[in-house]
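S.K.: File run30.csv below, CSV, C-alpha atoms:
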```csv
chain,number,residue,atom,x,y,z
A,1412,MET,CA,0.0,0.0,0.0
A,1413,LYS,CA,1.3,3.5,-0.9
A,1414,ILE,CA,0.8,6.4,1.3
A,1415,GLU,CA,1.4,10.0,0.3
A,1416,GLU,CA,0.7,12.8,2.7
A,1417,LYS,CA,1.6,16.5,3.2
A,1418,PHE,CA,1.0,18.9,6.1
A,1419,THR,CA,2.0,22.4,7.1
A,1420,VAL,CA,3.3,23.3,10.6
A,1421,ASN,CA,3.4,26.8,12.0
A,1422,ALA,CA,7.0,26.5,13.2
A,1423,PRO,CA,10.4,27.0,11.8
A,1424,ALA,CA,11.8,24.3,9.6
A,1425,ASP,CA,14.8,23.6,12.0
A,1426,GLU,CA,12.3,22.9,14.9
A,1427,VAL,CA,10.2,20.6,12.7
A,1428,TRP,CA,13.2,18.7,11.5
A,1429,ALA,CA,14.6,18.3,15.0
A,1430,PHE,CA,11.2,16.8,16.0
A,1431,LEU,CA,11.0,14.4,13.1
A,1432,ILE,CA,14.4,13.0,13.6
A,1433,ASP,CA,13.9,12.3,17.3
A,1434,PRO,CA,12.6,8.7,17.5
A,1435,GLU,CA,11.3,9.2,21.0
A,1436,ARG,CA,9.2,12.3,20.1
A,1437,VAL,CA,7.9,10.7,16.9
A,1438,ALA,CA,6.9,7.5,18.8
A,1439,ALA,CA,5.1,9.6,21.5
A,1440,ALA,CA,3.1,11.3,18.7
A,1441,LEU,CA,2.1,8.1,17.0
A,1442,PRO,CA,-0.9,6.4,18.6
A,1443,GLY,CA,0.2,2.9,19.8
A,1444,ALA,CA,3.9,3.4,19.1
A,1445,LYS,CA,6.8,3.1,21.6
A,1446,ILE,CA,10.6,3.0,21.5
A,1447,THR,CA,12.0,0.4,23.9
A,1448,GLU,CA,15.7,0.4,23.2
A,1449,LYS,CA,18.4,2.2,21.2
A,1450,VAL,CA,20.5,-0.4,19.3
A,1451,ASP,CA,22.9,2.0,17.7
A,1452,GLU,CA,23.0,5.6,16.3
A,1453,ASN,CA,20.4,4.9,13.6
A,1454,THR,CA,18.5,1.8,14.9
A,1455,TYR,CA,15.9,1.4,17.6
A,1456,LYS,CA,13.7,-1.4,18.9
A,1457,GLY,CA,10.1,-0.8,19.7
A,1458,GLY,CA,6.5,-1.7,19.2
A,1459,MET,CA,3.3,-0.6,17.5
A,1460,GLY,CA,-0.3,-1.4,18.2
A,1461,VAL,CA,-2.9,-0.9,15.4
A,1462,SER,CA,-6.6,-1.3,15.4
A,1463,VAL,CA,-8.4,-1.7,12.0
A,1464,GLY,CA,-12.1,-1.9,12.5
A,1465,PRO,CA,-12.8,-4.7,15.0
A,1466,VAL,CA,-9.3,-6.2,14.7
A,1467,SER,CA,-6.3,-5.2,16.7
A,1468,ALA,CA,-2.7,-6.2,16.1
A,1469,ALA,CA,0.5,-5.5,17.9
A,1470,TYR,CA,4.0,-5.7,16.5
A,1471,ASP,CA,7.5,-5.7,17.9
A,1472,GLY,CA,10.4,-4.8,15.7
A,1473,THR,CA,13.1,-2.4,14.6
A,1474,VAL,CA,13.2,1.0,13.0
A,1475,GLU,CA,16.3,2.3,11.1
A,1476,PHE,CA,16.9,5.9,10.1
A,1477,ASP,CA,19.0,7.3,7.3
A,1478,LEU,CA,19.2,11.1,7.6
A,1479,ASP,CA,20.2,13.7,5.0
A,1480,GLU,CA,20.7,16.7,7.2
A,1481,GLU,CA,21.6,19.1,4.4
A,1482,ASN,CA,18.4,18.5,2.5
A,1483,ARG,CA,16.3,17.8,5.6
A,1484,SER,CA,15.2,14.4,4.3
A,1485,ALA,CA,14.8,11.2,6.3
A,1486,SER,CA,14.5,7.6,5.1
A,1487,VAL,CA,13.0,5.2,7.6
A,1488,ARG,CA,12.6,1.4,7.4
A,1489,ALA,CA,10.5,-0.2,10.1
A,1490,ARG,CA,10.0,-4.0,10.3
A,1491,GLY,CA,7.8,-5.7,12.8
A,1492,GLN,CA,6.8,-9.2,13.8
A,1493,GLY,CA,3.2,-9.5,14.9
A,1494,ARG,CA,2.6,-10.9,18.4
A,1495,ALA,CA,0.5,-14.0,18.7
A,1496,GLY,CA,0.9,-15.0,15.1
A,1497,MET,CA,-0.6,-11.7,13.7
A,1498,GLY,CA,1.7,-11.6,10.7
A,1499,ASN,CA,4.4,-9.2,9.7
A,1500,ALA,CA,4.6,-5.5,8.8
A,1501,ASP,CA,7.2,-3.7,6.7
A,1502,MET,CA,7.3,0.0,6.0
A,1503,ARG,CA,9.7,2.2,4.0
A,1504,MET,CA,9.1,5.9,4.4
A,1505,THR,CA,10.8,9.1,3.1
A,1506,SER,CA,9.9,12.5,4.7
A,1507,ARG,CA,11.1,15.9,3.6
A,1508,VAL,CA,11.0,19.2,5.5
A,1509,VAL,CA,10.8,22.4,3.5
A,1510,ALA,CA,10.7,26.0,4.9
A,1511,LEU,CA,7.8,27.9,3.4
A,1512,GLY,CA,8.6,31.0,5.5
A,1513,PRO,CA,10.3,31.9,8.8
A,1514,GLY,CA,7.6,30.3,10.9
A,1515,GLU,CA,5.9,27.9,8.4
A,1516,THR,CA,7.1,24.5,7.3
A,1517,GLU,CA,5.8,21.9,4.9
A,1518,VAL,CA,6.4,18.2,5.6
A,1519,THR,CA,5.8,15.6,2.8
A,1520,VAL,CA,5.7,11.9,3.5
A,1521,GLU,CA,5.8,9.0,1.0
A,1522,ALA,CA,5.6,5.5,2.4
A,1523,SER,CA,5.1,2.0,1.2
A,1524,VAL,CA,3.6,-0.4,3.7
A,1525,ALA,CA,3.2,-4.2,3.4
A,1526,VAL,CA,1.4,-6.3,5.9
A,1527,THR,CA,0.7,-10.0,6.1
A,1528,GLY,CA,-1.6,-11.9,8.4
A,1529,ILE,CA,-4.9,-10.8,9.8
A,1530,LEU,CA,-4.6,-7.1,8.9
A,1531,ALA,CA,-3.9,-7.9,5.3
A,1532,GLN,CA,-7.2,-9.7,5.1
A,1533,LEU,CA,-9.2,-6.6,6.0
A,1534,GLY,CA,-8.5,-5.0,2.6
A,1535,ARG,CA,-6.7,-2.0,1.3
A,1536,GLY,CA,-9.6,0.5,1.8
A,1537,MET,CA,-9.8,-0.1,5.5
A,1538,MET,CA,-6.0,0.0,5.9
A,1539,GLN,CA,-5.9,3.4,4.0
A,1540,HIS,CA,-8.6,4.8,6.2
A,1541,VAL,CA,-6.8,3.8,9.4
A,1542,SER,CA,-3.4,5.1,8.1
A,1543,LYS,CA,-5.0,8.5,7.2
A,1544,LYS,CA,-6.6,8.6,10.7
A,1545,MET,CA,-3.2,7.8,12.4
A,1546,PHE,CA,-1.5,10.4,10.2
A,1547,LYS,CA,-4.0,13.1,11.2
A,1548,GLN,CA,-3.5,12.3,14.9
A,1549,PHE,CA,0.2,12.4,14.4
A,1550,THR,CA,0.2,15.8,12.7
A,1551,GLU,CA,-2.1,17.2,15.4
A,1552,VAL,CA,0.4,16.2,18.1
A,1553,VAL,CA,3.3,17.6,16.1
A,1554,GLU,CA,1.5,21.0,15.5
A,1555,LYS,CA,0.4,21.2,19.2
A,1556,GLU,CA,3.9,20.4,20.6
A,1557,LEU,CA,5.8,22.7,18.2
A,1558,ALA,CA,3.3,25.6,18.7
A,1559,SER,CA,3.9,25.4,22.4
A,1560,GLN,CA,7.7,26.0,22.1
```
Could you quickly redo this structure as structure tokens?

M.R.:
Amino acid sequence: MKIEEKFTVNAPADEVWAFLIDPERVAAALPGAKITEKVDENTYKGGMGVSVGPVSAAYDGTVEFDLDEENRSASVRARGQGRAGMGNADMRMTSRVVALGPGETEVTVEASVAVTGILAQLGRGMMQHVSKKMFKQFTEVVEKELASQ
């Protein structure tokens, strides 16, 4: 499944970039996500819980970051193994931060998500609906946190 999203934050690009490259802050802003361990400078262990309609799934796995500081671009790869035989999830995402003005920043996100197991059986439409809802919740947390700084 492909995901393409864009949002604008009323904060300087440097502050938005600092937020988006901090795994702890990102996980705190994502419903159901947590970081449990730093493996190395670019790799973290954690978990993610997702509810799609009447079905819930929880995953444990790793997330790896590859940052391009100069262009404010981040590539992320997250892989998870579902608990209790729930299948697997694999996500590759690229995000870019662009200053629109001194206090306004645009963030674009392109991701590819593949799931197996029970969530895959629910269909693409339901998965896209849930991903949009999660993305909206994430952007609201980012905007609220950065606006308070």

S.K.: Out of A:Ala1424, A:Ala1439, A:Val1518, A:Leu1431, which residue has the shortest atom-to-atom distance to Leu1478 (chain A) when counting all atoms listed in the file?

M.R.: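 Of the candidates, the smallest distance to Leu1478 (chain A) is held by A:Leu1431.
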
S.K.: Using CA of Met1412 (chain A) and CA of Gly1458 (chain A) as the two end points, give the distance in Å to one decimal.

M.R.: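 Separation of CA of Met1412 (chain A) and CA of Gly1458 (chain A): 20.3 Å.
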
S.K.: Can you list, as a list in words, every protein, DNA or RNA residue that comes within 10 Å of Ser1542 (chain A) when you count all atoms listed in the file, leaving out same-chain residues fewer than 4 positions away?

M.R.: Ile1414, Val1461, Val1463, Val1524, Gly1536, Met1537, Met1538, Phe1546, Lys1547 and Gln1548 of chain A

S.K.: Which neighbours of region 1550-1552 of chain A fall inside 9 Å, counting all atoms listed in the file, when residues of the same chain fewer than 5 positions from it are skipped, and could you give them as a compact mmCIF listing (two decimals) with C-alpha atoms, in the coordinates of the input?

M.R.:
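Result saved to around_11.txt:
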```
# COMPACT_ATOMS: atom_id res chain seq x y z
CA PHE A 1418 1.00 18.90 6.10
CA THR A 1419 2.00 22.40 7.10
CA VAL A 1420 3.30 23.30 10.60
CA ALA A 1439 5.10 9.60 21.50
CA ALA A 1440 3.10 11.30 18.70
CA LEU A 1441 2.10 8.10 17.00
CA MET A 1545 -3.20 7.80 12.40
CA LEU A 1557 5.80 22.70 18.20
```

S.K.: How many Å separate CA of Thr1516 (chain A) from CA of Val1427 (chain A)?

M.R.: 7.3 Å

S.K.: Skip Asp1477 (chain A) itself and residues of its chain fewer than 3 positions away, then list as a ChimeraX atom specification all residues within 9 Å of it, counting all atoms listed in the file.

M.R.: /A:1453,1484-1488

S.K.: Distance CA of Arg1494 (chain A)-CA of Lys1456 (chain A), one decimal place?

M.R.: 14.6 Å

S.K.: Can you work out which one of A:Lys1543, A:Arg1483, A:Lys1449, A:Lys1555 has the shortest atom-to-atom distance to Lys1417 (chain A), counting all atoms listed in the file?

M.R.: A:Lys1543

S.K.: Kindly output region 1418-1432 of chain A as a PDB file, in the frame of the given file, after building N, CA and C atoms.

M.R.:
```pdb
ATOM      1  N   PHE A1418       1.635  17.985   5.093  1.00  0.00           N
ATOM      2  CA  PHE A1418       1.000  18.900   6.100  1.00  0.00           C
ATOM      3  C   PHE A1418       1.918  20.067   6.323  1.00  0.00           C
ATOM      4  N   THR A1419       1.323  21.135   6.847  1.00  0.00           N
ATOM      5  CA  THR A1419       2.000  22.400   7.100  1.00  0.00           C
ATOM      6  C   THR A1419       2.006  22.602   8.644  1.00  0.00           C
ATOM      7  N   VAL A1420       3.147  23.006   9.181  1.00  0.00           N
ATOM      8  CA  VAL A1420       3.300  23.300  10.600  1.00  0.00           C
ATOM      9  C   VAL A1420       3.669  24.747  10.781  1.00  0.00           C
ATOM     10  N   ASN A1421       3.021  25.418  11.710  1.00  0.00           N
ATOM     11  CA  ASN A1421       3.400  26.800  12.000  1.00  0.00           C
ATOM     12  C   ASN A1421       4.544  26.823  12.988  1.00  0.00           C
ATOM     13  N   ALA A1422       5.715  26.471  12.471  1.00  0.00           N
ATOM     14  CA  ALA A1422       7.000  26.500  13.200  1.00  0.00           C
ATOM     15  C   ALA A1422       8.112  26.510  12.264  1.00  0.00           C
ATOM     16  N   PRO A1423       9.275  27.005  12.717  1.00  0.00           N
ATOM     17  CA  PRO A1423      10.400  27.000  11.800  1.00  0.00           C
ATOM     18  C   PRO A1423      10.882  25.647  11.402  1.00  0.00           C
ATOM     19  N   ALA A1424      11.434  25.555  10.210  1.00  0.00           N
ATOM     20  CA  ALA A1424      11.800  24.300   9.600  1.00  0.00           C
ATOM     21  C   ALA A1424      12.849  23.535  10.533  1.00  0.00           C
ATOM     22  N   ASP A1425      13.762  24.269  11.172  1.00  0.00           N
ATOM     23  CA  ASP A1425      14.800  23.600  12.000  1.00  0.00           C
ATOM     24  C   ASP A1425      14.076  22.904  13.204  1.00  0.00           C
ATOM     25  N   GLU A1426      13.042  23.519  13.778  1.00  0.00           N
ATOM     26  CA  GLU A1426      12.300  22.900  14.900  1.00  0.00           C
ATOM     27  C   GLU A1426      11.543  21.663  14.429  1.00  0.00           C
ATOM     28  N   VAL A1427      10.921  21.754  13.259  1.00  0.00           N
ATOM     29  CA  VAL A1427      10.200  20.600  12.700  1.00  0.00           C
ATOM     30  C   VAL A1427      11.118  19.469  12.407  1.00  0.00           C
ATOM     31  N   TRP A1428      12.245  19.770  11.790  1.00  0.00           N
ATOM     32  CA  TRP A1428      13.200  18.700  11.500  1.00  0.00           C
ATOM     33  C   TRP A1428      13.743  18.075  12.747  1.00  0.00           C
ATOM     34  N   ALA A1429      14.059  18.864  13.774  1.00  0.00           N
ATOM     35  CA  ALA A1429      14.600  18.300  15.000  1.00  0.00           C
ATOM     36  C   ALA A1429      13.513  17.356  15.650  1.00  0.00           C
ATOM     37  N   PHE A1430      12.249  17.707  15.535  1.00  0.00           N
ATOM     38  CA  PHE A1430      11.200  16.800  16.000  1.00  0.00           C
ATOM     39  C   PHE A1430      11.154  15.520  15.266  1.00  0.00           C
ATOM     40  N   LEU A1431      11.147  15.614  13.943  1.00  0.00           N
ATOM     41  CA  LEU A1431      11.000  14.400  13.100  1.00  0.00           C
ATOM     42  C   LEU A1431      12.133  13.465  13.105  1.00  0.00           C
ATOM     43  N   ILE A1432      13.303  13.904  13.522  1.00  0.00           N
ATOM     44  CA  ILE A1432      14.400  13.000  13.600  1.00  0.00           C
ATOM     45  C   ILE A1432      14.697  12.474  14.987  1.00  0.00           C
TER      46      ILE A1432
END
```
